[in-house]
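File shown here: target_9.txt, holding compact mmCIF, C-alpha atoms.
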```
# COMPACT_ATOMS: atom_id res chain seq x y z
CA MET L 480 50.07 70.01 -45.49
CA GLU L 481 51.40 67.60 -48.13
CA ILE L 482 50.56 64.76 -45.79
CA ILE L 483 46.88 65.71 -45.71
CA ASP L 484 46.96 65.73 -49.52
CA ARG L 485 48.48 62.26 -49.55
CA LEU L 486 46.10 60.90 -46.93
CA SER L 487 43.08 62.25 -48.76
CA ALA L 488 44.37 60.66 -51.99
CA GLY L 489 43.75 63.86 -53.96
CA ASP L 490 40.05 64.07 -53.04
CA PRO L 491 39.43 67.78 -52.17
CA GLU L 492 36.28 67.05 -50.17
CA LYS L 493 38.07 64.38 -48.15
CA LYS L 494 40.92 66.81 -47.54
CA LYS L 495 38.52 69.41 -46.13
CA TYR L 496 36.83 66.73 -44.05
CA TYR L 497 40.18 65.68 -42.51
CA ILE L 498 41.16 69.30 -41.85
CA ARG L 499 37.86 69.91 -40.04
CA LEU L 500 38.33 66.70 -38.03
CA PHE L 501 41.77 67.80 -36.85
CA LEU L 502 40.60 71.38 -36.21
CA ASP L 503 37.72 70.07 -34.09
CA THR L 504 40.26 68.54 -31.70
CA ILE L 505 43.17 70.96 -31.89
CA GLU L 506 41.20 74.22 -31.48
CA PRO L 507 39.49 73.39 -28.16
CA GLU L 508 42.68 71.86 -26.77
CA LEU L 509 44.62 75.02 -27.67
CA GLY L 510 42.04 76.96 -25.67
CA ASN L 511 42.57 74.58 -22.76
CA LEU L 512 46.36 74.99 -22.92
CA GLN L 513 46.06 78.78 -23.00
CA ALA L 514 43.74 78.83 -19.99
CA ILE L 515 45.44 76.17 -17.88
CA ASP L 516 47.09 77.04 -14.59
CA ILE L 517 50.63 75.68 -14.89
CA SER L 518 51.55 76.28 -11.27
CA VAL L 519 49.56 73.27 -10.04
CA ASP L 520 49.63 69.64 -11.25
CA GLN L 521 51.03 69.53 -14.80
CA GLU L 522 49.60 66.07 -15.60
CA PRO L 523 46.60 67.59 -17.46
CA ILE L 524 49.08 69.55 -19.61
CA ARG L 525 51.00 66.35 -20.34
CA ALA L 526 47.77 64.59 -21.34
CA ILE L 527 46.85 67.37 -23.79
CA LEU L 528 50.37 67.49 -25.23
CA HIS L 529 50.33 63.72 -25.67
CA LYS L 530 46.96 63.83 -27.42
CA LEU L 531 47.90 66.68 -29.75
CA LYS L 532 51.43 65.60 -30.64
CA SER L 533 50.24 62.59 -32.69
CA GLN L 534 47.72 64.74 -34.49
CA VAL L 535 50.12 67.53 -35.39
CA GLN L 536 52.57 64.92 -36.62
CA THR L 537 49.93 63.31 -38.81
CA ILE L 538 49.31 66.65 -40.50
CA GLY L 539 53.03 67.25 -40.93
CA ALA L 540 53.74 69.91 -38.28
CA VAL L 541 57.17 68.54 -37.44
CA ASP L 542 58.33 71.50 -35.31
CA ALA L 543 55.19 71.49 -33.16
CA HIS L 544 55.50 67.72 -32.73
CA ALA L 545 59.14 67.94 -31.62
CA LEU L 546 58.41 70.73 -29.14
CA MET L 547 55.37 68.98 -27.68
CA SER L 548 57.22 65.65 -27.38
CA ALA L 549 60.05 67.37 -25.49
CA GLN L 550 57.62 69.12 -23.15
CA GLU L 551 55.67 65.92 -22.53
CA GLN L 552 58.93 64.15 -21.69
CA THR L 553 59.92 66.94 -19.28
CA ILE L 554 56.65 66.57 -17.35
CA LYS L 555 56.94 62.77 -17.40
CA GLU L 556 60.34 63.10 -15.74
CA GLY L 557 58.68 64.98 -12.89
CA LYS L 558 59.99 68.40 -13.93
CA GLN L 559 57.84 71.42 -14.70
CA ILE L 560 57.55 73.43 -17.90
CA THR L 561 57.23 77.20 -17.70
CA ARG L 562 54.38 79.41 -18.91
CA SER L 563 56.58 80.88 -21.66
CA GLU L 564 57.53 77.37 -22.88
CA LEU L 565 53.87 76.47 -23.06
CA ASP L 566 53.13 79.78 -24.81
CA ASN L 567 55.63 78.79 -27.53
CA THR L 568 53.63 75.63 -28.13
CA CYS L 569 50.38 77.61 -28.17
CA GLU L 570 51.91 80.00 -30.70
CA LEU L 571 52.90 77.13 -33.03
CA LEU L 572 49.44 75.62 -32.67
CA SER L 573 47.80 78.96 -33.49
CA VAL L 574 49.84 79.24 -36.70
CA LEU L 575 48.94 75.65 -37.57
CA ILE L 576 45.24 76.32 -37.00
CA GLN L 577 45.43 79.45 -39.14
CA ASN L 578 47.09 77.48 -41.98
CA MET L 579 44.40 74.82 -41.77
CA GLN L 580 41.61 77.39 -41.76
CA ASP L 581 43.15 79.02 -44.84
CA LEU L 582 42.98 75.67 -46.62
CA LEU L 583 39.25 75.49 -45.95
CA LYS L 584 38.59 78.80 -47.73
CA MET G 33 41.83 43.05 -54.15
CA SER G 34 39.68 42.97 -51.03
CA LYS G 35 41.30 41.23 -48.07
CA HIS G 36 38.95 39.30 -45.83
CA LEU G 37 40.49 40.28 -42.52
CA LYS G 38 38.30 41.98 -39.96
CA ILE G 39 40.07 44.80 -38.14
CA ALA G 40 39.16 46.69 -34.97
CA LEU G 41 40.82 50.05 -34.30
CA VAL G 42 40.78 51.13 -30.65
CA ASP G 43 42.06 54.67 -30.16
CA ASP G 44 40.75 57.76 -28.35
CA ASP G 45 42.36 59.93 -31.04
CA ILE G 46 39.31 60.45 -33.28
CA PRO G 47 40.93 62.15 -36.33
CA ASN G 48 43.84 59.71 -36.52
CA THR G 49 41.48 56.72 -36.22
CA GLU G 50 39.32 58.08 -39.02
CA VAL G 51 42.31 58.68 -41.29
CA LEU G 52 43.81 55.26 -40.53
CA ARG G 53 40.49 53.56 -41.21
CA ASP G 54 40.21 55.28 -44.62
CA PHE G 55 43.82 54.39 -45.39
CA LEU G 56 43.26 50.69 -44.63
CA ILE G 57 40.02 50.60 -46.64
CA ARG G 58 41.85 52.20 -49.60
CA ASN G 59 44.46 49.45 -49.26
CA GLY G 60 42.05 46.55 -49.52
CA TYR G 61 40.78 46.01 -45.98
CA SER G 62 37.04 46.41 -46.31
CA HIS G 63 35.97 45.51 -42.79
CA VAL G 64 37.41 48.07 -40.34
CA ASP G 65 35.51 49.02 -37.17
CA LYS G 66 36.56 51.78 -34.80
CA TYR G 67 36.16 52.20 -31.05
CA HIS G 68 37.23 55.20 -29.00
CA ASP G 69 37.71 53.37 -25.70
CA GLY G 70 38.72 49.89 -24.55
CA GLU G 71 35.45 49.19 -22.74
CA SER G 72 33.23 49.51 -25.82
CA PHE G 73 35.59 47.26 -27.80
CA LEU G 74 35.66 44.59 -25.07
CA GLU G 75 31.85 44.53 -25.03
CA THR G 76 32.00 43.21 -28.60
CA LEU G 77 34.89 40.77 -28.06
CA GLU G 78 33.91 37.17 -28.70
CA ARG G 79 35.52 33.99 -27.32
CA PHE G 80 37.37 33.13 -30.55
CA ASP G 81 37.44 36.57 -32.08
CA ASP G 82 38.91 36.54 -35.58
CA ARG G 83 39.47 40.30 -35.75
CA ALA G 84 42.95 41.83 -35.74
CA LEU G 85 43.20 44.58 -33.18
CA VAL G 86 45.08 47.86 -33.70
CA LEU G 87 45.31 49.31 -30.22
CA ASP G 88 46.49 52.63 -28.80
CA PHE G 89 48.51 52.48 -25.59
CA ASP G 90 47.32 55.66 -23.87
CA LEU G 91 43.52 55.61 -23.99
CA SER G 92 43.10 58.24 -21.28
CA GLY G 93 40.96 60.44 -23.52
CA GLY G 94 38.45 57.59 -23.82
CA GLY G 95 37.51 55.24 -20.98
CA GLU G 96 39.14 53.97 -17.82
CA LEU G 97 41.20 51.14 -19.30
CA ASN G 98 44.64 51.68 -20.81
CA GLY G 99 46.00 49.73 -23.77
CA LEU G 100 47.84 47.17 -21.64
CA GLU G 101 44.67 46.38 -19.67
CA VAL G 102 42.74 45.93 -22.92
CA LEU G 103 45.51 43.64 -24.22
CA GLU G 104 45.35 41.57 -21.03
CA ALA G 105 41.56 41.16 -21.32
CA VAL G 106 41.85 40.22 -25.00
CA LYS G 107 44.54 37.59 -24.37
CA GLU G 108 42.47 36.09 -21.55
CA ARG G 109 39.27 35.78 -23.55
CA SER G 110 40.56 35.31 -27.10
CA PRO G 111 44.26 34.36 -27.00
CA GLN G 112 44.62 33.85 -30.75
CA THR G 113 43.55 37.42 -31.53
CA HIS G 114 46.40 39.40 -33.09
CA VAL G 115 47.12 42.70 -31.38
CA ILE G 116 49.18 45.49 -32.93
CA PHE G 117 49.99 48.45 -30.71
CA PHE G 118 49.81 51.80 -32.50
CA SER G 119 50.96 54.33 -29.98
CA GLY G 120 52.35 57.81 -29.49
CA GLN G 121 54.57 56.45 -26.70
CA ASP G 122 58.03 56.33 -28.24
CA SER G 123 59.48 54.27 -25.42
CA LEU G 124 61.48 51.07 -25.62
CA GLU G 125 60.30 49.98 -22.15
CA VAL G 126 56.63 50.35 -23.11
CA ALA G 127 57.20 48.51 -26.39
CA VAL G 128 58.99 45.62 -24.65
CA GLU G 129 56.28 45.41 -21.98
CA SER G 130 53.58 45.28 -24.66
CA LEU G 131 55.34 42.54 -26.60
CA LYS G 132 55.99 40.57 -23.41
CA ASN G 133 52.27 40.72 -22.65
CA GLY G 134 51.37 39.17 -25.98
CA ALA G 135 51.22 42.00 -28.51
CA ASP G 136 52.34 40.98 -32.01
CA ASP G 137 53.81 44.33 -32.97
CA TYR G 138 54.46 47.82 -31.60
CA ILE G 139 54.36 50.78 -33.98
CA VAL G 140 55.04 54.36 -32.93
CA LYS G 141 52.72 56.94 -34.50
CA SER G 142 54.49 58.97 -37.18
CA ASN G 143 53.94 60.16 -40.74
CA ALA G 144 54.99 56.81 -42.17
CA ALA G 145 53.25 54.75 -39.50
CA TYR G 146 50.04 54.05 -41.42
CA ALA G 147 52.04 52.09 -43.98
CA LEU G 148 53.73 50.16 -41.15
CA VAL G 149 50.34 49.28 -39.64
CA LYS G 150 49.24 48.03 -43.04
CA THR G 151 52.42 45.93 -43.40
CA SER G 152 51.81 44.42 -39.98
CA LEU G 153 48.18 43.65 -40.85
CA ASP G 154 49.32 42.13 -44.16
CA LYS G 155 51.38 39.64 -42.14
CA VAL G 156 48.36 38.77 -39.99
CA TYR G 157 46.28 38.37 -43.15
CA ASP G 158 48.91 36.09 -44.77
CA LEU G 159 49.00 34.01 -41.60
CA GLN G 160 45.21 33.64 -41.62
CA VAL G 161 45.25 32.60 -45.29
CA LEU G 162 47.97 30.04 -44.51
CA LYS G 163 46.01 28.62 -41.56
CA LEU G 164 42.84 28.34 -43.66
CA SER G 165 44.79 26.61 -46.39
CA GLU G 166 46.33 24.17 -43.88
CA ARG G 167 42.86 23.39 -42.48
CA ARG G 168 41.51 22.82 -45.99
CA ASN G 169 44.44 20.55 -46.87
CA ALA G 170 43.92 18.58 -43.65
CA ARG G 171 40.22 18.09 -44.55
CA ILE G 172 41.17 16.92 -48.06
CA SER G 173 43.75 14.47 -46.61
CA TRP G 174 41.10 13.00 -44.27
CA ALA G 175 38.57 12.71 -47.09
CA LEU G 176 41.17 10.91 -49.25
CA ALA G 177 42.12 8.55 -46.40
CA ILE G 178 38.48 7.66 -45.75
CA GLY G 179 37.94 7.14 -49.49
CA TRP G 180 40.88 4.74 -49.65
CA MET G 181 39.66 2.83 -46.61
CA VAL G 182 36.17 2.43 -48.09
CA THR G 183 37.70 1.24 -51.35
CA LEU G 184 39.96 -1.28 -49.54
CA VAL G 185 37.04 -2.64 -47.49
CA GLY G 186 35.01 -2.95 -50.70
CA VAL G 187 37.83 -4.82 -52.45
CA ALA G 188 38.33 -7.08 -49.40
CA LEU G 189 34.61 -7.96 -49.32
CA PHE G 190 34.63 -8.61 -53.05
CA VAL G 191 37.64 -10.97 -52.76
CA ALA G 192 36.11 -12.71 -49.74
CA ASN G 193 32.92 -13.40 -51.67
```
Any chance you could put this one into C-alpha cells?
Amino acid sequence: MEIIDRLSAGDPEKKKYYIRLFLDTIEPELGNLQAIDISVDQEPIRAILHKLKSQVQTIGAVDAHALMSAQEQTIKEGKQITRSELDNTCELLSVLIQNMQDLLK
Amino acid sequence: MSKHLKIALVDDDIPNTEVLRDFLIRNGYSHVDKYHDGESFLETLERFDDRALVLDFDLSGGGELNGLEVLEAVKERSPQTHVIFFSGQDSLEVAVESLKNGADDYIVKSNAAYALVKTSLDKVYDLQVLKLSERRNARISWALAIGWMVTLVGVALFVAN
C-alpha cells in the first residue's frame, strides 16, 4: 500500500478517502465475479477484469494485476477461462480488500 | 507555480480519475475537470476548446462512446485540442491507431503513469505558452511597424511643408 501513501502525499484522511473509493468499486465487482456464470459469454468477465486491473495496479497489487491482465487477454483471444482460474483472482481480490479494510481501522 | 492549462479527464474509472485529478492539482494544474463518459464531456466541448484532454480508451463502464469515437468527435469540432490517451489497453495496435487518429500521446496505466501524464501535459502547457508568446511578439511587431509608418508619414508631411 506504499503507493496509496505516496498518492495521498502523507495525508491520513486522504489515504482513507482513496481506500474507500477503491473499495467502493472493487467490493461490488468481486461479488459480481463470484456470482457470474462462466459457462456462457465471458465478455462481462473481461469487462470487469479490465476495469479492476487498473485499479489494483494503482494501489500496488502487482500479482492481482498480472493475473487479471493474463485472464483478460485469454478472453480477448476468444478462449475461455475456467471457474478455478477466476476463483484464484477472487481470492487475491478478497485478500486485497481485507488489507484495505485493515488500513481503515 | 500554478499552470494556466485547463484539463479535462474523461474516464469511467472513478477512483483512478479522482487520484489523477488530485495528483495534477498537487503538481500545479489548478483547473482539472472530470467526466465519467464521453457524451457528457462532448456536451461541454466548444468550437476552439483550449482544454487538454486526458482520455481513457475503454469507456464501456460509462456511456456508449469509446475513446476513439470521442477523439474523432473532438478532432472534428476542435482540431487544435490536445488529446492524451490514458488507457489500460497495453496494446501497440491500439496505441498506433490512436496516434494515427490525432492523439498526441498514448500512456498505459501503471504505477508510474501519473507522472507520465503530467510530463505529457507539461509539454502541452509549454507549447501553449510558446504560442501565446509568439502571438504577443507578432502584435508588438505590428504595433512597431505602424508606429514607424506614422512617424515616416509625419516626417514626410513636415518636409513637404
Give me, as a PDB file with C-alpha atoms, keeping the file's coordinate frame, the residues of chain L touching chain G, with the criterion being at most 6 Å (counting all atoms listed in the file).
```pdb
ATOM      1  CA  LEU L 500      38.330  66.700 -38.030  1.00  0.00           C
ATOM      2  CA  PHE L 501      41.770  67.800 -36.850  1.00  0.00           C
ATOM      3  CA  THR L 537      49.930  63.310 -38.810  1.00  0.00           C
TER       4      THR L 537
END
```
query = Using all atoms listed in the file, which residues sit within 12 Å of Ala105 of chain G once same-chain residues fewer than 5 positions away are excluded, as number ranges by chain?
reply = G: 70-71, 73-75, 77-79, 97-100, 110-111, 113, 115, 133-134
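By chain and then residue number, the residues within 9 Å of segment 558-565 of chain L are Leu512, Gln513, Asp516, Ile517, Ser518, Gln521, Met547, Gln550, Gln552, Thr553, Ile554, Lys555, Thr568, Cys569 and Glu570 of chain L, counting all atoms listed in the file and disregarding those fewer than 3 positions away in sequence.
Proximity to Tyr61 of chain G was assessed for G:Lys150, G:Arg171, G:Lys132, G:Arg109 counting all atoms listed in the file; the smallest distance is recorded for G:Lys150.
For the set G:Leu85, G:Leu159, G:Asn59, G:His36, the residue with the smallest atom-to-atom gap to Ala147 of chain G is G:Asn59, counting all atoms listed in the file.
Pairwise distance (atom CA of Lys530 of chain L, atom CA of Asp154 of chain G) equals 27.5 Å.
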task = Using atom CA of Phe89 of chain G and atom CA of Ile116 of chain G as the two end points, give the distance in Å to one decimal.
result = 10.2 Å
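Distance-wise, atom CA of Leu37 of chain G and atom CA of Lys107 of chain G end up 18.8 Å apart.
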task = Have a look at L:Gly539, L:Gly510, L:Gly557, L:Gly489 and name the one nearest to Arg525 of chain L; count all atoms listed in the file.
result = L:Gly557
